[in-house]
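Q: Before we start, here is the structure in question, set down as structure tokens.
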Amino acid sequence: MTKVRTRMAPSPTGEYHIGHIRTLLYNWAFAKKNKGDFIIRIENTDRERYVEGATDRILDVISDYGLSWDEGPRVGGPYGPYIQSERLDIYQEHAQILLKKKAAYYCFCSEERLAKMREEQKARGVVSTKYDRLCLKLKKQEIEEKLVNKLPYVIRMKVPENKEVTFNDLITGKISISSNNIDDQVLIKSDGFPTYHFAVVVDDHLMKISHVMRGNDWIPSTPKHILLYEAFGWKMPYFAHIPNLKEMGAGKKLSKRFGAVSAREFLDEGYLAEALLNFLMFLGWNPGTDREFYSLEEFIRVFSIEKIHKTDLVAFDRDKLLWMNNQYIQKLTDEDFAQRSLKFAPVGIDKKLLIKLSPLVKSRIKKLSELRQLAGFFFEKPRVDKKMLGKNWVEHLQAAHNIIENLDSWDLENLNDNLMKKIEKKGFKTGDFFMDLRIAIAGSKFTPPINDSIVILGKEETLKRINKILSDK
RNA sequence: GGCCCCAUCGUCUAGAGGCCUAGGACGGCGGGUUUUCAUCCCGUAAACCCCGGUUCGAAUCCGGGUGGGGUCACCA
């Protein structure tokens with residue numbers, strides 16, 4: 001039994017997507033479950049789309065989600081380097097092997113010629129254009145001449161004809177495609193860098209990857225990889241293509257129009273990493289029971305590829321994510337809540353205040369970023385719109401002021417009792433009374449329990465706020 | 001368009017021929033608790049894409065249709 005080794009191979013061409021975290025999570029969990037290794041490899045072979053700093057941001061966000069890797073950048077490992085741009089000689093070496101085996105060939109066609117060729121093919125009614133193998137006809141001498149003269153070239157794979165390429169996907173099952181549908185793909189680009197298709201096969205083999213788990217949009221190119229494994233005479237890894245994520249409602253890929261899409265944004269908005277991960281687990285996978293709360297450790301135990309849903313696309317239900325996030329927020333200890341809320345509160349806010357707020361706020365916010373809106377009146381004086389007040393507000397506030405001012409001990413029970421007594425005595429409507437008090441203190445009709453809030457706010461500040469409203473009636 | 005993949009409530013899904021009068025969760029709706037808003041609790045509506053087979057019996061197997069998606073680069 002070979003050791004289970006999975007990998008995730010991000011390209012530093014932009015921000016890390018929430019969907020990538022899910023794919024990574026599955027790969028990670030599968031490796032951990034089988035006491036294997038999880039590897040990260042940076043696929044930066046596209047020099048035009050390279051984004052400065054993206055590699056670090058990707059690695060950072062993965063760490064911030066609480067996930068780690070056994071081999072890869074920052075940690076090293078026995079099969080490095082783990083950054084493709086540092087492995088160029090390896091790809092060149094392997095391209096030469098294929099060249100010698102006549103499984104690949106030099107191609108000197110210019111981009112212009114290729115574009116023209118495709119146009120002509122289309123004009124002839126060809127539905128799926130392919131390279132016409134012009135350079136395959138080149139004589140050995142001609143090739144050498146061009147090489148000596150330093151003409152730009154690529155190395156293409158020579159795809160066998162009339163061959164049924166078949167693989168057994170762990171999720172989808174048997175998939176078969178005729179090699180006639182496969183183009184003579186470029187292996188080494190004219191800048192000397194490998195293409196994805198080539199690098200991924202060479203690296204997965206060299207790094208002893210046992211299982212390739214990736215989005216099912218890769219299914220159509222898997223036969224290309226298989227052909228490469230065969231050309232080298234290498235043992236193939238297992239393939240498992242998982243359903244891709246789509247936006248709820250309107251169609252396809254996750255879109256910024258509906259909210260965050262990058263992994264970092266979700267964190268910045270106050271989603272908890274544990275909640276996010278728990279939510280992601282269920283996008284295409286299910287334990288087969290009714291249970292739906294899992295920690296990472298528990299997930300490792302129950303995860304299996306067999307239980308990944310064999311389907312096409314999975315909708316990213318942002319409402320359910322919100323619900324799950326709130327569930328996790330509610331479970332936070334007050335200390336933990338305060339610690340995590342710190343960066344969502346105004347700078348300089350005392351963590352002790354946040355600890356006191358925690359029990360009042362936890363069940364009321366779905367994201368930590370909602371803290372300011374719900375509890376902003378604890379941090380700064382609210383702007384009160386007098387139009388919100390009921391018709392008896394002057395009486396209500398005067399009564400409240402009177403009670404609070406003369407309270408002998410400052411605690412919730414005492415405040416409650418005295419306020420209720422007064423309400424009864426004056427014949428106020430309880431709801432109306434508290435609503436006016438609520439608005440005076442918080443400037444909003446929707447707040448945490450108002451008496452609890454007053455106790456936290458303190459006598460002096462509470463009276464100040466009531467006075468302010470009363471003073472310019 | 002060629003090739004490939006997919007198809008259970010609005011959504012995530014359970015379901016591997018009889019346990020299904022199709023179960024759970026989010027969301028919706030209704031109600032209860034509550035000084036607001038939440039939380040919490042209870043209840044309720046809501047799905048096997050269609051047509052043929054196979055079988056005593058099909059959401060489950062087979063074929064076709066329809067629908068959806070992916071992919072066809074010197075991007076990954």
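Numbering starts fresh at 1 for the residues of each chain in the structure tokens, the chains themselves are lettered A, B, ... in the order given, and ligands are numbered from 1 as they appear.
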List as a ChimeraX atom specification the protein and nucleic acid residues near region 67-74 of chain B, meaning an atom at most 7 Å away when only C-alpha atoms (C1' of nucleotides) are counted, but skip any in the same chain fewer than 4 places from it.
A: /A:128,154,186,189-190,217,220,312
Q: So that I can check the secondary structure, give me every residue of region 127-230 of chain A assigned strand (DSSP E) by backbone DSSP, as a PyMOL selection string.
A: chain A and resi 154-157+164-169+173-178+186-188+211-215
Q: Report, in Å with one decimal, the straight-line distance from CA of Asp432 (chain A) to CA of Asn414 (chain A).
A: 20.5 Å
Q: Which parts of region 95-244 of chain A does DSSP call alpha helix (DSSP H) when run on the backbone here, written out as a ChimeraX atom specification?
A: /A:95-100,111-123,140-148,196-206,222-232
Q: Compare A:Thr195, A:Thr172, A:Asn286, A:Ser11 by their minimum atom-to-atom distance to Lys310 (chain A), counting only C-alpha atoms, and give me the closest one.
A: A:Thr172
Q: Write out as number ranges by chain every residue belonging to chain A that has an atom at most 7 Å from any atom of chain B, counting only C-alpha atoms (C1' of nucleotides).
A: A: 11, 127-128, 154, 181, 186, 189-190, 196, 217, 220, 282-283, 288, 290, 311-312, 315, 317, 319-320, 363-364, 430-431, 434-435, 445-447
